[in-house]
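Taking it in order: structure first as structure tokens, then the write-up.
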Number of protein chains: 4
Amino acid sequence: VSKIIVGVMGPGATASREQVEAARELGRLIAGEGWVLLTGGRAAGVMDAATHGARAAGGLTVGILPGEEAGGASEAVDILILTGMGQARNNVNVLSSRVVVACGMGAGTAAEVALALKARRPVVLLGAGPQAEALFERLGGELIQTAESPRHAIELVRGLLSEGEV
Amino acid sequence: VSKIIVGVMGPGATASREQVEAARELGRLIAGEGWVLLTGGRAAGVMDAATHGARAAGGLTVGILPGEEAGGASEAVDILILTGMGQARNNVNVLSSRVVVACGMGAGTAAEVALALKARRPVVLLGAGPQAEALFERLGGELIQTAESPRHAIELVRGLLSEGEV
Amino acid sequence: VSKIIVGVMGPGATASREQVEAARELGRLIAGEGWVLLTGGRAAGVMDAATHGARAAGGLTVGILPGEEAGGASEAVDILILTGMGQARNNVNVLSSRVVVACGMGAGTAAEVALALKARRPVVLLGAGPQAEALFERLGGELIQTAESPRHAIELVRGLLSEGEV
Amino acid sequence: VSKIIVGVMGPGATASREQVEAARELGRLIAGEGWVLLTGGRAAGVMDAATHGARAAGGLTVGILPGEEAGGASEAVDILILTGMGQARNNVNVLSSRVVVACGMGAGTAAEVALALKARRPVVLLGAGPQAEALFERLGGELIQTAESPRHAIELVRGLLSEGEV
């Protein structure tokens, strides 16, 4: 059977320093659990930080790029998937993740959370802000949980995986 | 040059009666302006009502289906595009629309609004609810406007198109 | 019910003068039958010629572009669908066509014929060359027919549509 | 930098015993070179055999599935990417592969070879048959090479990679 993939989604160039630090910690913890990290693959913001965090901790990293060529990919991606499908690759990101962790919130992140709910993938929000929490809790019900720290997010993912439902 | 396409997005089977009526009115008004109506194409909720409204008013209707076959399409779709790409077709919906009108709000609608913002397409929200308005105004800035009725939504679309920016 | 869409696929910038003339004739004849013409939408080669031929004959034209913006589209496209999914849009082209007519043969055309066979859409080859005819007849069996002229191709399409199987 | 991914494409349920054996050998040899194997991911034919071959030799395996759920995946896939985009996922397969090895030839394989040529990815044909060789050599020029055995195919891939062009 295939490895457990956990996705970390979040802002690229507009990510705050706090979001970048949380993403790096998420990557580190995901690798520590023996899970594979999946991100949108670009060398920017949350994607890049989570990928570097996971690799530094000895984990395996997957990046799902929007473009047709490898340019712009995070240096720390092990398995680079080139989709050539632009933002529609967000749907590949969430379908391929057993659980999606959203770290921060931008337009792309919102698309990924919404697509995850359509695909019935559970989502853990971290630092999403009150508007996103309110909307996605209304739309997603029990598929949505909110974490207060990277460590808390990982505990929630562990709980979801141990339920054997995802 | 190609015809002006205006997209109407919204809940399918879970649409309320009020949303269905607003969607039918939106379709009718879009056809009256001479624009082409584009929806997600299924015979359900907002998609179906907007499509029937546009056809009844003599307009041309486009449906972008998630599946590979025509089953489940609205009877009132003139041009049926079969994408076979599931929810990733939401990105085709918004890319192909000069302006997106979101009528009501579900997980699929939220994905479409968020993807529209990523693609820099303007969005008019109608009956989205306060959480969605708060989130998408924060994420989209001037790309987001809120309408109070179908007629108001069409006025906002007309304004956006006459600015010549979309 | 939706309109009958017939796809015309073929080389872009590398199309020969003969292929371009055949494509224009195909477009003209498709419009004359009352069918909607669908192409890959770009202002080049077979796509562009078929689209101009159909519009000149008063037909409705659909273009499925690979990119996210309208630049590069044929001037004669009425309904412009922007997929943003690159060459994967070839699958949308064939899924949306009741019958696919391949006019000439390039790498993109070969991908479209092969994807049509996977999706069980019938294909009419026109000027494909002996290698393509040999391969696709082997792979496609009864789904593949070969035409000797644009007019013959249209007769074959008419036959396929009247069988009520497509 | 990311790992070197080599794709093996070929028939599913219709694969011959000879193709299945060649695919298993290809997988084994790809793993032996330290490359990552990528296939269409399903538990059938060439995809399944190559994946089992690579895993048995200690390699890392990636499967790019057409569907939205993991059902039907090869048991030997390590990294399972769920695209939900049907046959359009063939474009992801070839974009993500530094070199594509086609083992046998079916409609899906032909689509992948043609898409690889569009994306300027080199292709090694193994057991493709004379019609496919003739067509793709005409369409692909120097991007197409023909191998006489799995071992020969791997030598050709090694040559392509050492040229530093892919």
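In the structure tokens, chains take letters A, B, ... by order of appearance, with residues numbered from 1 within each chain and ligands from 1 in the order shown.
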Next item on the list: Skip B:Ala88 itself and residues of its chain fewer than 2 positions away, then list as JSON, numbers by chain all residues within 6 Å of it, counting only C-alpha atoms.
Entry: {"A": [88, 91], "B": [85, 86, 90, 91]}
Produce a table with one row for each residue of chain A that has an atom at most 8 Å from any atom of chain B, each row naming the nearest atom pair and its distance in Å at one decimal; use only C-alpha atoms; arrange rows by chain and rising residue number; format as CSV.
residue,atom,partner,partner_atom,distance
A:Gln87,CA,B:Asn91,CA,7.0
A:Ala88,CA,B:Ala88,CA,5.0
A:Arg89,CA,B:Ala88,CA,7.5
A:Asn90,CA,B:Ala88,CA,7.9
A:Asn91,CA,B:Ala88,CA,5.7
A:Gly106,CA,B:Leu139,CA,6.3
A:Ala107,CA,B:Ala114,CA,5.1
A:Gly108,CA,B:Lys118,CA,6.4
A:Ala110,CA,B:Ala114,CA,6.0
A:Ala111,CA,B:Ala111,CA,4.4
A:Glu112,CA,B:Ala111,CA,7.3
A:Val113,CA,B:Ala111,CA,7.9
A:Ala114,CA,B:Ala111,CA,5.0
A:Leu115,CA,B:Ala111,CA,6.0
A:Leu117,CA,B:Ala107,CA,6.4
A:Lys118,CA,B:Ala107,CA,6.0
A:Gln131,CA,B:Leu135,CA,5.0
A:Ala132,CA,B:Leu135,CA,5.8
A:Ala134,CA,B:Gln131,CA,5.9
A:Leu135,CA,B:Gln131,CA,5.0
A:Leu139,CA,B:Ala107,CA,6.0
A:Gly140,CA,B:Ala107,CA,7.6
Item checked: atom CA of D:Leu38 to atom CA of D:Val6, distance in Å rounded to a single decimal ->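 We find that atom CA of D:Leu38 and atom CA of D:Val6 lie 6.0 Å from each other.
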Note to self: With only C-alpha atoms as the counted atoms, please give the residues lying no more than 12 Å from stretch 52-54 of chain B, apart from itself and same-chain residues fewer than 4 positions off, as number ranges by chain.
What the structure shows: B: 6-8, 20-39, 41-48, 58-63, 73-78; C: 1
Check: What does the distance from atom CA of C:Val157 to atom CA of B:Gly71 come to in Å, to one decimal?
Finding: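 For atom CA of C:Val157 relative to atom CA of B:Gly71, the distance reads 22.1 Å.
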Check: Near D:Val123, within 8 Å and counting only C-alpha atoms, which residues show up once chain neighbours fewer than 3 positions away are dropped, as JSON, numbers by chain?
Finding: {"D": [99, 100, 101, 102, 113, 116, 117, 143, 144, 145]}
C-alpha atoms of the current selection, written as a PDB file, in the first residue's frame:
ATOM      1  CA  VAL D  99      12.254  10.425 -20.330  1.00  0.00           C
ATOM      2  CA  VAL D 100       9.211   8.355 -21.310  1.00  0.00           C
ATOM      3  CA  VAL D 101       9.569   4.662 -22.108  1.00  0.00           C
ATOM      4  CA  ALA D 102       6.590   3.278 -24.050  1.00  0.00           C
ATOM      5  CA  VAL D 113       3.795   9.408 -26.736  1.00  0.00           C
ATOM      6  CA  ALA D 116       5.413  13.759 -24.801  1.00  0.00           C
ATOM      7  CA  LEU D 117       6.419  14.984 -28.252  1.00  0.00           C
ATOM      8  CA  LEU D 143      12.939  12.904 -29.786  1.00  0.00           C
ATOM      9  CA  ILE D 144      12.080   9.272 -30.672  1.00  0.00           C
ATOM     10  CA  GLN D 145      14.377   6.286 -30.243  1.00  0.00           C
TER      11      GLN D 145
END
Margin query: Run DSSP on the backbone and tell me which residues of stretch 6-163 of chain D come out as strand (DSSP E or B); list them as an MDAnalysis selection string.
Written below: chainID D and resid 6:9 36:39 42 61:65 73 79:82 99:103 123:126 144:147
Next item on the list: Apply DSSP to the backbone of this structure and, from stretch 11-154 of chain D, keep only the residues in helix (DSSP H, G or I); write these as a ChimeraX atom specification.
Entry: /D:17-32,45-56,86-95,107-118,130-143,150-154
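The gap separating atom CA of D:Glu142 from atom CA of C:Ala128 is 21.0 Å, in Å to one decimal.
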Next item on the list: Please provide the set of residues having any atom within 7 Å of D:Glu68, restricted to only C-alpha atoms, with same-chain residues fewer than 3 positions apart removed, written as a VMD selection string.
Entry: (chain A and resid 95) or (chain D and resid 82 to 84)
May I have the selected residues written with all heavy atoms, as a short mmCIF file (atom, residue, chain, number, x, y, z; two decimals), in the first residue's frame?
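Output file selection.cif is given in full below:
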data_model
loop_
_atom_site.label_atom_id
_atom_site.label_comp_id
_atom_site.auth_asym_id
_atom_site.auth_seq_id
_atom_site.Cartn_x
_atom_site.Cartn_y
_atom_site.Cartn_z
N LEU A 95 -6.86 16.09 -3.61
CA LEU A 95 -7.25 14.69 -3.82
C LEU A 95 -6.14 13.75 -3.34
O LEU A 95 -6.42 12.67 -2.81
CB LEU A 95 -7.54 14.43 -5.30
CG LEU A 95 -8.80 15.09 -5.87
CD1 LEU A 95 -8.83 14.91 -7.39
CD2 LEU A 95 -10.06 14.49 -5.25
N LEU D 82 -3.56 11.37 -6.96
CA LEU D 82 -4.93 11.24 -7.47
C LEU D 82 -5.27 12.52 -8.21
O LEU D 82 -5.32 13.60 -7.61
CB LEU D 82 -5.89 11.02 -6.30
CG LEU D 82 -5.59 9.78 -5.45
CD1 LEU D 82 -6.51 9.74 -4.23
CD2 LEU D 82 -5.74 8.52 -6.26
N THR D 83 -5.50 12.40 -9.51
CA THR D 83 -5.72 13.61 -10.30
C THR D 83 -7.19 13.92 -10.52
O THR D 83 -7.56 15.07 -10.73
CB THR D 83 -5.07 13.48 -11.70
OG1 THR D 83 -5.76 12.47 -12.44
CG2 THR D 83 -3.59 13.15 -11.58
N GLY D 84 -8.04 12.90 -10.56
CA GLY D 84 -9.45 13.15 -10.84
C GLY D 84 -9.72 13.74 -12.21
O GLY D 84 -10.80 14.26 -12.46
#
